[in-house]
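Below is model-v5.cif, which holds mmCIF, C-alpha atoms.
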```cif
data_protein
#
loop_
_atom_site.group_PDB
_atom_site.id
_atom_site.type_symbol
_atom_site.label_atom_id
_atom_site.label_comp_id
_atom_site.auth_asym_id
_atom_site.auth_seq_id
_atom_site.Cartn_x
_atom_site.Cartn_y
_atom_site.Cartn_z
ATOM 1 C CA MET A 18 89.457 69.854 288.741
ATOM 2 C CA PRO A 19 90.678 66.732 290.541
ATOM 3 C CA ILE A 20 93.163 67.304 293.352
ATOM 4 C CA LEU A 21 96.350 65.279 293.736
ATOM 5 C CA LEU A 22 96.178 62.934 296.703
ATOM 6 C CA GLU A 23 98.628 62.962 299.590
ATOM 7 C CA LYS A 24 100.590 59.801 300.317
ATOM 8 C CA SER A 25 98.387 58.967 303.323
ATOM 9 C CA GLN A 26 95.247 59.303 301.181
ATOM 10 C CA ILE A 27 96.766 57.093 298.492
ATOM 11 C CA ASP A 28 97.662 54.452 301.071
ATOM 12 C CA GLU A 29 94.160 54.546 302.491
ATOM 13 C CA ARG A 30 92.421 54.206 299.152
ATOM 14 C CA LEU A 31 94.853 51.482 298.015
ATOM 15 C CA SER A 32 94.112 49.509 301.173
ATOM 16 C CA GLN A 33 90.449 49.380 300.145
ATOM 17 C CA LEU A 34 91.298 47.736 296.810
ATOM 18 C CA GLU A 35 92.355 44.203 295.945
ATOM 19 C CA GLY A 36 95.369 43.615 293.704
ATOM 20 C CA TRP A 37 96.124 47.210 292.800
ATOM 21 C CA ALA A 38 99.653 48.495 293.442
ATOM 22 C CA ARG A 39 101.533 51.735 292.939
ATOM 23 C CA GLN A 40 103.575 52.002 289.800
ATOM 24 C CA GLY A 41 106.071 54.794 290.353
ATOM 25 C CA GLN A 42 104.893 58.057 291.871
ATOM 26 C CA ALA A 43 102.038 58.867 289.562
ATOM 27 C CA ALA A 44 100.103 55.683 288.787
ATOM 28 C CA ILE A 45 98.481 52.506 290.062
ATOM 29 C CA GLU A 46 98.209 49.264 288.142
ATOM 30 C CA LYS A 47 96.600 45.856 288.274
ATOM 31 C CA SER A 48 97.031 42.729 286.150
ATOM 32 C CA TYR A 49 94.227 40.314 285.347
ATOM 33 C CA VAL A 50 94.337 36.812 283.876
ATOM 34 C CA PHE A 51 91.450 35.341 281.906
ATOM 35 C CA ALA A 52 90.670 31.995 280.313
ATOM 36 C CA ASP A 53 91.580 33.190 276.824
ATOM 37 C CA PHE A 54 91.847 36.198 274.521
ATOM 38 C CA LYS A 55 88.083 36.412 274.004
ATOM 39 C CA ALA A 56 87.438 36.619 277.720
ATOM 40 C CA ALA A 57 90.181 39.234 278.061
ATOM 41 C CA MET A 58 88.570 41.304 275.289
ATOM 42 C CA ARG A 59 85.148 41.076 276.933
ATOM 43 C CA PHE A 60 86.675 42.503 280.114
ATOM 44 C CA VAL A 61 88.484 45.235 278.166
ATOM 45 C CA ASN A 62 85.223 46.312 276.545
ATOM 46 C CA GLN A 63 83.529 46.515 279.924
ATOM 47 C CA VAL A 64 86.438 48.557 281.252
ATOM 48 C CA ALA A 65 86.134 50.820 278.202
ATOM 49 C CA GLU A 66 82.452 51.365 278.928
ATOM 50 C CA ALA A 67 83.124 52.186 282.582
ATOM 51 C CA ALA A 68 85.926 54.548 281.513
ATOM 52 C CA GLU A 69 83.751 56.376 278.993
ATOM 53 C CA LYS A 70 81.025 56.811 281.586
ATOM 54 C CA VAL A 71 83.338 58.829 283.854
ATOM 55 C CA ASP A 72 85.544 60.206 281.055
ATOM 56 C CA HIS A 73 88.665 58.799 282.665
ATOM 57 C CA HIS A 74 90.694 56.226 280.761
ATOM 58 C CA PRO A 75 93.225 53.700 281.973
ATOM 59 C CA ASP A 76 96.113 52.584 279.838
ATOM 60 C CA ILE A 77 95.201 49.052 278.766
ATOM 61 C CA LEU A 78 97.753 46.404 277.780
ATOM 62 C CA ILE A 79 96.430 43.138 276.362
ATOM 63 C CA ASN A 80 98.736 40.129 276.062
ATOM 64 C CA TYR A 81 96.511 37.281 274.871
ATOM 65 C CA ASN A 82 94.643 36.301 278.073
ATOM 66 C CA LYS A 83 96.325 38.894 280.316
ATOM 67 C CA VAL A 84 95.226 42.489 280.762
ATOM 68 C CA LYS A 85 97.145 45.173 282.642
ATOM 69 C CA LEU A 86 95.384 48.403 283.574
ATOM 70 C CA THR A 87 97.349 51.490 284.567
ATOM 71 C CA LEU A 88 95.561 54.474 286.073
ATOM 72 C CA SER A 89 96.877 57.996 286.461
ATOM 73 C CA THR A 90 95.393 61.482 286.229
ATOM 74 C CA HIS A 91 97.688 62.769 283.502
ATOM 75 C CA SER A 92 96.281 66.304 283.619
ATOM 76 C CA GLU A 93 97.403 66.576 287.255
ATOM 77 C CA GLY A 94 100.581 64.519 286.891
ATOM 78 C CA GLY A 95 99.638 62.070 289.613
ATOM 79 C CA LEU A 96 96.942 60.167 291.480
ATOM 80 C CA THR A 97 93.531 61.616 292.271
ATOM 81 C CA HIS A 98 90.235 60.204 293.508
ATOM 82 C CA LYS A 99 89.267 59.721 289.841
ATOM 83 C CA ASP A 100 91.858 56.948 289.605
ATOM 84 C CA PHE A 101 90.693 55.128 292.704
ATOM 85 C CA ASP A 102 87.014 55.583 291.847
ATOM 86 C CA LEU A 103 87.580 53.975 288.441
ATOM 87 C CA ALA A 104 89.725 51.195 289.966
ATOM 88 C CA ARG A 105 86.826 50.432 292.296
ATOM 89 C CA ASP A 106 84.314 50.533 289.416
ATOM 90 C CA VAL A 107 86.480 48.177 287.340
ATOM 91 C CA ASP A 108 86.705 45.698 290.200
ATOM 92 C CA PHE A 109 82.917 45.523 290.266
ATOM 93 C CA ILE A 110 82.937 44.255 286.658
ATOM 94 C CA MET B 23 104.393 24.931 262.542
ATOM 95 C CA PRO B 24 105.441 28.403 261.401
ATOM 96 C CA ILE B 25 109.094 28.782 260.443
ATOM 97 C CA LEU B 26 111.268 31.656 261.648
ATOM 98 C CA LEU B 27 112.066 34.094 258.867
ATOM 99 C CA GLU B 28 115.578 35.007 257.756
ATOM 100 C CA LYS B 29 116.636 38.639 257.937
ATOM 101 C CA SER B 30 116.275 39.077 254.165
ATOM 102 C CA GLN B 31 112.732 37.689 254.300
ATOM 103 C CA ILE B 32 111.848 40.007 257.185
ATOM 104 C CA ASP B 33 113.231 42.994 255.271
ATOM 105 C CA GLU B 34 111.233 42.038 252.212
ATOM 106 C CA ARG B 35 107.955 41.599 254.039
ATOM 107 C CA LEU B 36 108.498 44.780 256.070
ATOM 108 C CA SER B 37 109.070 46.735 252.862
ATOM 109 C CA GLN B 38 105.557 45.724 251.737
ATOM 110 C CA LEU B 39 103.972 47.260 254.842
ATOM 111 C CA GLU B 40 103.345 50.857 255.837
ATOM 112 C CA GLY B 41 104.371 52.082 259.283
ATOM 113 C CA TRP B 42 105.504 48.777 260.764
ATOM 114 C CA ALA B 43 108.997 48.608 262.236
ATOM 115 C CA ARG B 44 111.134 46.005 263.946
ATOM 116 C CA GLN B 45 111.152 46.049 267.696
ATOM 117 C CA GLY B 46 114.211 44.146 268.832
ATOM 118 C CA GLN B 47 115.020 40.816 267.189
ATOM 119 C CA ALA B 48 111.720 39.039 267.659
ATOM 120 C CA ALA B 49 108.869 41.464 266.999
ATOM 121 C CA ILE B 50 107.388 44.152 264.770
ATOM 122 C CA GLU B 51 105.221 47.013 265.971
ATOM 123 C CA LYS B 52 103.057 49.837 264.708
ATOM 124 C CA SER B 53 101.370 52.757 266.457
ATOM 125 C CA TYR B 54 98.029 54.215 265.400
ATOM 126 C CA VAL B 55 96.340 57.476 266.404
ATOM 127 C CA PHE B 56 92.563 57.905 266.379
ATOM 128 C CA ALA B 57 90.147 60.754 267.017
ATOM 129 C CA ASP B 58 89.331 59.563 270.523
ATOM 130 C CA PHE B 59 89.144 56.576 272.850
ATOM 131 C CA LYS B 60 85.929 55.267 271.282
ATOM 132 C CA ALA B 61 87.488 55.192 267.828
ATOM 133 C CA ALA B 62 90.585 53.496 269.249
ATOM 134 C CA MET B 63 88.389 50.827 270.883
ATOM 135 C CA ARG B 64 86.506 50.235 267.631
ATOM 136 C CA PHE B 65 89.829 49.558 265.915
ATOM 137 C CA VAL B 66 90.988 47.289 268.747
ATOM 138 C CA ASN B 67 87.831 45.208 268.437
ATOM 139 C CA GLN B 68 88.354 44.828 264.708
ATOM 140 C CA VAL B 69 91.966 43.806 265.341
ATOM 141 C CA ALA B 70 90.716 41.294 267.922
ATOM 142 C CA GLU B 71 88.333 39.792 265.384
ATOM 143 C CA ALA B 72 91.073 39.508 262.755
ATOM 144 C CA ALA B 73 93.379 37.961 265.357
ATOM 145 C CA GLU B 74 90.806 35.387 266.457
ATOM 146 C CA LYS B 75 90.176 34.423 262.856
ATOM 147 C CA VAL B 76 93.791 33.339 262.372
ATOM 148 C CA ASP B 77 94.424 32.400 266.012
ATOM 149 C CA HIS B 78 97.396 34.753 266.231
ATOM 150 C CA HIS B 79 97.232 37.618 268.701
ATOM 151 C CA PRO B 80 99.185 40.851 268.824
ATOM 152 C CA ASP B 81 100.012 42.559 272.087
ATOM 153 C CA ILE B 82 97.722 45.584 272.192
ATOM 154 C CA LEU B 83 98.476 48.741 274.167
ATOM 155 C CA ILE B 84 95.736 51.376 274.364
ATOM 156 C CA ASN B 85 96.558 54.882 275.598
ATOM 157 C CA TYR B 86 93.342 56.854 275.165
ATOM 158 C CA ASN B 87 93.321 57.564 271.387
ATOM 159 C CA LYS B 88 96.591 55.747 270.637
ATOM 160 C CA VAL B 89 96.967 52.040 269.966
ATOM 161 C CA LYS B 90 100.260 50.171 269.655
ATOM 162 C CA LEU B 91 100.276 46.663 268.197
ATOM 163 C CA THR B 92 103.241 44.348 268.683
ATOM 164 C CA LEU B 93 103.466 41.121 266.718
ATOM 165 C CA SER B 94 105.713 38.162 267.409
ATOM 166 C CA THR B 95 105.386 34.396 267.108
ATOM 167 C CA HIS B 96 106.100 33.584 270.742
ATOM 168 C CA SER B 97 106.031 29.814 270.178
ATOM 169 C CA GLU B 98 108.979 30.183 267.765
ATOM 170 C CA GLY B 99 110.730 33.014 269.593
ATOM 171 C CA GLY B 100 110.762 35.301 266.592
ATOM 172 C CA LEU B 101 109.091 36.525 263.427
ATOM 173 C CA THR B 102 107.205 34.244 261.041
ATOM 174 C CA HIS B 103 104.850 34.755 258.106
ATOM 175 C CA LYS B 104 101.967 34.655 260.621
ATOM 176 C CA ASP B 105 103.124 38.020 261.979
ATOM 177 C CA PHE B 106 103.368 39.679 258.601
ATOM 178 C CA ASP B 107 100.112 38.152 257.366
ATOM 179 C CA LEU B 108 98.273 39.553 260.385
ATOM 180 C CA ALA B 109 100.009 42.935 260.034
ATOM 181 C CA ARG B 110 98.744 43.064 256.460
ATOM 182 C CA ASP B 111 95.231 42.009 257.523
ATOM 183 C CA VAL B 112 95.166 44.683 260.217
ATOM 184 C CA ASP B 113 96.182 47.371 257.756
ATOM 185 C CA PHE B 114 93.146 46.466 255.645
ATOM 186 C CA ILE B 115 90.869 47.390 258.572
#
```
Transcribe the structure of this file into structure tokens.
Amino acid sequence: MPILLEKSQIDERLSQLEGWARQGQAAIEKSYVFADFKAAMRFVNQVAEAAEKVDHHPDILINYNKVKLTLSTHSEGGLTHKDFDLARDVDFI
Amino acid sequence: MPILLEKSQIDERLSQLEGWARQGQAAIEKSYVFADFKAAMRFVNQVAEAAEKVDHHPDILINYNKVKLTLSTHSEGGLTHKDFDLARDVDFI
């Protein structure tokens, strides 16, 4: 079972990522801009594949060429290493 | 250029759809529930294809097995036949 991270751990893992920010107490989010809707959808499908692989799923909001990902470990009610591991995976896409 | 619909036209077109509701003055939305994330993503990709075909794109929010579509004609600042035509197309998926 994933363990909720302390604030200092969250700050440390956030500092290793580019463009991710806290959203409230229990989530992190990042927004991406693509050339068009097709490019945004290609990214979303790659995110979906990465998410399925680790069985951890971000909320995904698509507005034409913009995609916002929100990560939280709902079962624990906050942020765990699963969130930051997937954020890192997604940024390798 | 699509023309903004009058309230009576919006009511009429809404009455021909199942599960769509107004969201504020300028949009309609519908939420769908699927068996799992994979099924939700399959639906989203079909929606994306339908959207590309008519060059009109809903906002798409994916929360694991739930998908919320929001339709609005942003260029006109409100609802047009394009929104209701795509809503109808999507419900044929």
- chain A residues near chain B (6 Å cut-off, all atoms listed in the file) as a ChimeraX atom specification: /A:76-80
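Using all atoms listed in the file for every distance, the candidate list A:Phe51, A:Phe101, A:Phe109, A:Trp37 yields A:Phe101 as the residue closest to A:Pro19.
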Fitted chain B, least squares over ordered Cα pairs with chain A, as a JSON list (two decimals) with C-alpha atoms, in the coordinates of the input:
```
[["chain", "number", "residue", "atom", "x", "y", "z"],
["B", 23, "MET", "CA", 89.48, 69.85, 288.71],
["B", 24, "PRO", "CA", 90.68, 66.73, 290.53],
["B", 25, "ILE", "CA", 93.17, 67.32, 293.33],
["B", 26, "LEU", "CA", 96.35, 65.28, 293.73],
["B", 27, "LEU", "CA", 96.18, 62.94, 296.70],
["B", 28, "GLU", "CA", 98.62, 62.96, 299.60],
["B", 29, "LYS", "CA", 100.58, 59.81, 300.32],
["B", 30, "SER", "CA", 98.39, 58.96, 303.33],
["B", 31, "GLN", "CA", 95.26, 59.30, 301.19],
["B", 32, "ILE", "CA", 96.76, 57.09, 298.49],
["B", 33, "ASP", "CA", 97.67, 54.46, 301.09],
["B", 34, "GLU", "CA", 94.17, 54.55, 302.50],
["B", 35, "ARG", "CA", 92.43, 54.20, 299.16],
["B", 36, "LEU", "CA", 94.85, 51.49, 298.02],
["B", 37, "SER", "CA", 94.13, 49.51, 301.18],
["B", 38, "GLN", "CA", 90.45, 49.39, 300.15],
["B", 39, "LEU", "CA", 91.29, 47.74, 296.82],
["B", 40, "GLU", "CA", 92.34, 44.21, 295.95],
["B", 41, "GLY", "CA", 95.36, 43.62, 293.72],
["B", 42, "TRP", "CA", 96.13, 47.22, 292.81],
["B", 43, "ALA", "CA", 99.64, 48.49, 293.44],
["B", 44, "ARG", "CA", 101.53, 51.73, 292.94],
["B", 45, "GLN", "CA", 103.58, 52.01, 289.81],
["B", 46, "GLY", "CA", 106.08, 54.79, 290.35],
["B", 47, "GLN", "CA", 104.90, 58.06, 291.88],
["B", 48, "ALA", "CA", 102.03, 58.87, 289.56],
["B", 49, "ALA", "CA", 100.09, 55.69, 288.78],
["B", 50, "ILE", "CA", 98.48, 52.51, 290.08],
["B", 51, "GLU", "CA", 98.21, 49.27, 288.14],
["B", 52, "LYS", "CA", 96.61, 45.86, 288.27],
["B", 53, "SER", "CA", 97.03, 42.74, 286.14],
["B", 54, "TYR", "CA", 94.22, 40.32, 285.35],
["B", 55, "VAL", "CA", 94.34, 36.81, 283.87],
["B", 56, "PHE", "CA", 91.45, 35.33, 281.89],
["B", 57, "ALA", "CA", 90.68, 31.98, 280.30],
["B", 58, "ASP", "CA", 91.58, 33.19, 276.82],
["B", 59, "PHE", "CA", 91.84, 36.19, 274.52],
["B", 60, "LYS", "CA", 88.08, 36.41, 273.99],
["B", 61, "ALA", "CA", 87.43, 36.62, 277.72],
["B", 62, "ALA", "CA", 90.18, 39.24, 278.05],
["B", 63, "MET", "CA", 88.56, 41.31, 275.28],
["B", 64, "ARG", "CA", 85.15, 41.07, 276.94],
["B", 65, "PHE", "CA", 86.67, 42.50, 280.11],
["B", 66, "VAL", "CA", 88.48, 45.24, 278.17],
["B", 67, "ASN", "CA", 85.22, 46.31, 276.55],
["B", 68, "GLN", "CA", 83.52, 46.51, 279.93],
["B", 69, "VAL", "CA", 86.44, 48.55, 281.26],
["B", 70, "ALA", "CA", 86.13, 50.82, 278.21],
["B", 71, "GLU", "CA", 82.45, 51.37, 278.93],
["B", 72, "ALA", "CA", 83.13, 52.19, 282.58],
["B", 73, "ALA", "CA", 85.92, 54.54, 281.52],
["B", 74, "GLU", "CA", 83.75, 56.37, 278.99],
["B", 75, "LYS", "CA", 81.04, 56.81, 281.59],
["B", 76, "VAL", "CA", 83.34, 58.82, 283.85],
["B", 77, "ASP", "CA", 85.54, 60.20, 281.06],
["B", 78, "HIS", "CA", 88.68, 58.81, 282.68],
["B", 79, "HIS", "CA", 90.69, 56.24, 280.76],
["B", 80, "PRO", "CA", 93.22, 53.71, 281.98],
["B", 81, "ASP", "CA", 96.11, 52.58, 279.83],
["B", 82, "ILE", "CA", 95.20, 49.06, 278.77],
["B", 83, "LEU", "CA", 97.75, 46.42, 277.78],
["B", 84, "ILE", "CA", 96.43, 43.15, 276.36],
["B", 85, "ASN", "CA", 98.73, 40.13, 276.07],
["B", 86, "TYR", "CA", 96.50, 37.31, 274.86],
["B", 87, "ASN", "CA", 94.65, 36.30, 278.08],
["B", 88, "LYS", "CA", 96.33, 38.89, 280.31],
["B", 89, "VAL", "CA", 95.22, 42.48, 280.77],
["B", 90, "LYS", "CA", 97.14, 45.17, 282.65],
["B", 91, "LEU", "CA", 95.38, 48.40, 283.58],
["B", 92, "THR", "CA", 97.35, 51.49, 284.58],
["B", 93, "LEU", "CA", 95.56, 54.47, 286.08],
["B", 94, "SER", "CA", 96.88, 57.99, 286.46],
["B", 95, "THR", "CA", 95.40, 61.47, 286.22],
["B", 96, "HIS", "CA", 97.69, 62.76, 283.49],
["B", 97, "SER", "CA", 96.27, 66.30, 283.61],
["B", 98, "GLU", "CA", 97.42, 66.57, 287.25],
["B", 99, "GLY", "CA", 100.59, 64.51, 286.90],
["B", 100, "GLY", "CA", 99.64, 62.08, 289.62],
["B", 101, "LEU", "CA", 96.96, 60.17, 291.48],
["B", 102, "THR", "CA", 93.53, 61.62, 292.27],
["B", 103, "HIS", "CA", 90.22, 60.21, 293.50],
["B", 104, "LYS", "CA", 89.26, 59.71, 289.83],
["B", 105, "ASP", "CA", 91.86, 56.94, 289.60],
["B", 106, "PHE", "CA", 90.70, 55.13, 292.70],
["B", 107, "ASP", "CA", 87.02, 55.57, 291.86],
["B", 108, "LEU", "CA", 87.58, 53.97, 288.45],
["B", 109, "ALA", "CA", 89.72, 51.20, 289.97],
["B", 110, "ARG", "CA", 86.83, 50.41, 292.29],
["B", 111, "ASP", "CA", 84.32, 50.52, 289.42],
["B", 112, "VAL", "CA", 86.47, 48.18, 287.35],
["B", 113, "ASP", "CA", 86.71, 45.69, 290.19],
["B", 114, "PHE", "CA", 82.90, 45.52, 290.25],
["B", 115, "ILE", "CA", 82.93, 44.24, 286.64]]
```
Using only C-alpha atoms, the shortest atom-to-atom distance to B:Ser94 among B:Val76, B:Ala61, B:Ala109, B:Val55 belongs to B:Ala109
| request: Apply the PyMOL selection byres ((chain B and resi 98-104) around 10) to the displayed file and report the matching residues as a ChimeraX atom specification. | output: /B:23-29,31-32,35,44,46-50,76-79,93-97,105-110
Box along x, y and z, 4 Å on every side, all listed atoms of stretch 80-83 of chain A inside: centre and edge lengths in Å to one decimal, as lines of an AutoDock Vina configuration file.
```
center_x = 96.7
center_y = 38.2
center_z = 277.6
size_x = 12.1
size_y = 11.8
size_z = 13.4
```
Atom CA of A:Tyr49 sits from atom CA of A:Gln33 at a separation of 17.8 Å
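Atom CA of A:Ala38 is found 29.2 Å from atom CA of B:Phe65.
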Taking only N, CA, C and O atoms, show stretch 66-84 of chain B of the given structure as a PDB file, in the first residue's frame.
```pdb
ATOM      1  N   VAL B  66     -13.228   7.740 -25.643  1.00  0.00           N
ATOM      2  CA  VAL B  66     -12.618   9.057 -25.886  1.00  0.00           C
ATOM      3  C   VAL B  66     -11.994   9.104 -27.283  1.00  0.00           C
ATOM      4  O   VAL B  66     -12.105  10.109 -27.992  1.00  0.00           O
ATOM      5  N   ASN B  67     -11.369   8.015 -27.693  1.00  0.00           N
ATOM      6  CA  ASN B  67     -10.762   8.009 -29.024  1.00  0.00           C
ATOM      7  C   ASN B  67     -11.805   8.026 -30.134  1.00  0.00           C
ATOM      8  O   ASN B  67     -11.583   8.618 -31.197  1.00  0.00           O
ATOM      9  N   GLN B  68     -12.942   7.403 -29.881  1.00  0.00           N
ATOM     10  CA  GLN B  68     -14.023   7.468 -30.866  1.00  0.00           C
ATOM     11  C   GLN B  68     -14.624   8.879 -30.925  1.00  0.00           C
ATOM     12  O   GLN B  68     -14.950   9.378 -31.998  1.00  0.00           O
ATOM     13  N   VAL B  69     -14.747   9.499 -29.745  1.00  0.00           N
ATOM     14  CA  VAL B  69     -15.223  10.887 -29.701  1.00  0.00           C
ATOM     15  C   VAL B  69     -14.247  11.784 -30.468  1.00  0.00           C
ATOM     16  O   VAL B  69     -14.652  12.657 -31.250  1.00  0.00           O
ATOM     17  N   ALA B  70     -12.951  11.549 -30.253  1.00  0.00           N
ATOM     18  CA  ALA B  70     -11.925  12.366 -30.912  1.00  0.00           C
ATOM     19  C   ALA B  70     -12.036  12.249 -32.432  1.00  0.00           C
ATOM     20  O   ALA B  70     -11.903  13.242 -33.159  1.00  0.00           O
ATOM     21  N   GLU B  71     -12.297  11.038 -32.896  1.00  0.00           N
ATOM     22  CA  GLU B  71     -12.429  10.819 -34.337  1.00  0.00           C
ATOM     23  C   GLU B  71     -13.658  11.557 -34.879  1.00  0.00           C
ATOM     24  O   GLU B  71     -13.575  12.230 -35.913  1.00  0.00           O
ATOM     25  N   ALA B  72     -14.769  11.440 -34.162  1.00  0.00           N
ATOM     26  CA  ALA B  72     -15.991  12.143 -34.578  1.00  0.00           C
ATOM     27  C   ALA B  72     -15.769  13.652 -34.564  1.00  0.00           C
ATOM     28  O   ALA B  72     -16.243  14.376 -35.452  1.00  0.00           O
ATOM     29  N   ALA B  73     -15.037  14.128 -33.588  1.00  0.00           N
ATOM     30  CA  ALA B  73     -14.772  15.566 -33.450  1.00  0.00           C
ATOM     31  C   ALA B  73     -13.896  16.075 -34.593  1.00  0.00           C
ATOM     32  O   ALA B  73     -14.155  17.136 -35.171  1.00  0.00           O
ATOM     33  N   GLU B  74     -12.862  15.289 -34.926  1.00  0.00           N
ATOM     34  CA  GLU B  74     -11.970  15.681 -36.018  1.00  0.00           C
ATOM     35  C   GLU B  74     -12.723  15.746 -37.335  1.00  0.00           C
ATOM     36  O   GLU B  74     -12.484  16.625 -38.163  1.00  0.00           O
ATOM     37  N   LYS B  75     -13.645  14.805 -37.505  1.00  0.00           N
ATOM     38  CA  LYS B  75     -14.392  14.721 -38.757  1.00  0.00           C
ATOM     39  C   LYS B  75     -15.166  16.015 -39.036  1.00  0.00           C
ATOM     40  O   LYS B  75     -15.276  16.443 -40.169  1.00  0.00           O
ATOM     41  N   VAL B  76     -15.704  16.614 -37.984  1.00  0.00           N
ATOM     42  CA  VAL B  76     -16.497  17.836 -38.174  1.00  0.00           C
ATOM     43  C   VAL B  76     -15.744  19.076 -37.706  1.00  0.00           C
ATOM     44  O   VAL B  76     -16.302  20.181 -37.678  1.00  0.00           O
ATOM     45  N   ASP B  77     -14.486  18.895 -37.333  1.00  0.00           N
ATOM     46  CA  ASP B  77     -13.656  20.003 -36.844  1.00  0.00           C
ATOM     47  C   ASP B  77     -14.356  20.805 -35.744  1.00  0.00           C
ATOM     48  O   ASP B  77     -14.420  22.034 -35.779  1.00  0.00           O
ATOM     49  N   HIS B  78     -14.898  20.077 -34.784  1.00  0.00           N
ATOM     50  CA  HIS B  78     -15.544  20.721 -33.629  1.00  0.00           C
ATOM     51  C   HIS B  78     -15.222  19.823 -32.436  1.00  0.00           C
ATOM     52  O   HIS B  78     -15.502  18.615 -32.486  1.00  0.00           O
ATOM     53  N   HIS B  79     -14.649  20.402 -31.393  1.00  0.00           N
ATOM     54  CA  HIS B  79     -14.014  19.571 -30.361  1.00  0.00           C
ATOM     55  C   HIS B  79     -14.583  19.830 -28.972  1.00  0.00           C
ATOM     56  O   HIS B  79     -14.496  20.951 -28.471  1.00  0.00           O
ATOM     57  N   PRO B  80     -15.133  18.800 -28.363  1.00  0.00           N
ATOM     58  CA  PRO B  80     -15.617  18.979 -26.991  1.00  0.00           C
ATOM     59  C   PRO B  80     -14.440  19.063 -26.016  1.00  0.00           C
ATOM     60  O   PRO B  80     -13.354  18.555 -26.303  1.00  0.00           O
ATOM     61  N   ASP B  81     -14.650  19.703 -24.879  1.00  0.00           N
ATOM     62  CA  ASP B  81     -13.729  19.509 -23.764  1.00  0.00           C
ATOM     63  C   ASP B  81     -14.000  18.109 -23.224  1.00  0.00           C
ATOM     64  O   ASP B  81     -15.152  17.689 -23.098  1.00  0.00           O
ATOM     65  N   ILE B  82     -12.926  17.402 -22.913  1.00  0.00           N
ATOM     66  CA  ILE B  82     -13.038  16.007 -22.473  1.00  0.00           C
ATOM     67  C   ILE B  82     -12.333  15.857 -21.135  1.00  0.00           C
ATOM     68  O   ILE B  82     -11.148  16.144 -21.028  1.00  0.00           O
ATOM     69  N   LEU B  83     -13.069  15.426 -20.125  1.00  0.00           N
ATOM     70  CA  LEU B  83     -12.464  15.178 -18.810  1.00  0.00           C
ATOM     71  C   LEU B  83     -12.565  13.687 -18.501  1.00  0.00           C
ATOM     72  O   LEU B  83     -13.665  13.121 -18.512  1.00  0.00           O
ATOM     73  N   ILE B  84     -11.416  13.066 -18.267  1.00  0.00           N
ATOM     74  CA  ILE B  84     -11.377  11.627 -17.970  1.00  0.00           C
ATOM     75  C   ILE B  84     -10.976  11.430 -16.516  1.00  0.00           C
ATOM     76  O   ILE B  84      -9.903  11.871 -16.096  1.00  0.00           O
TER      77      ILE B  84
END
```
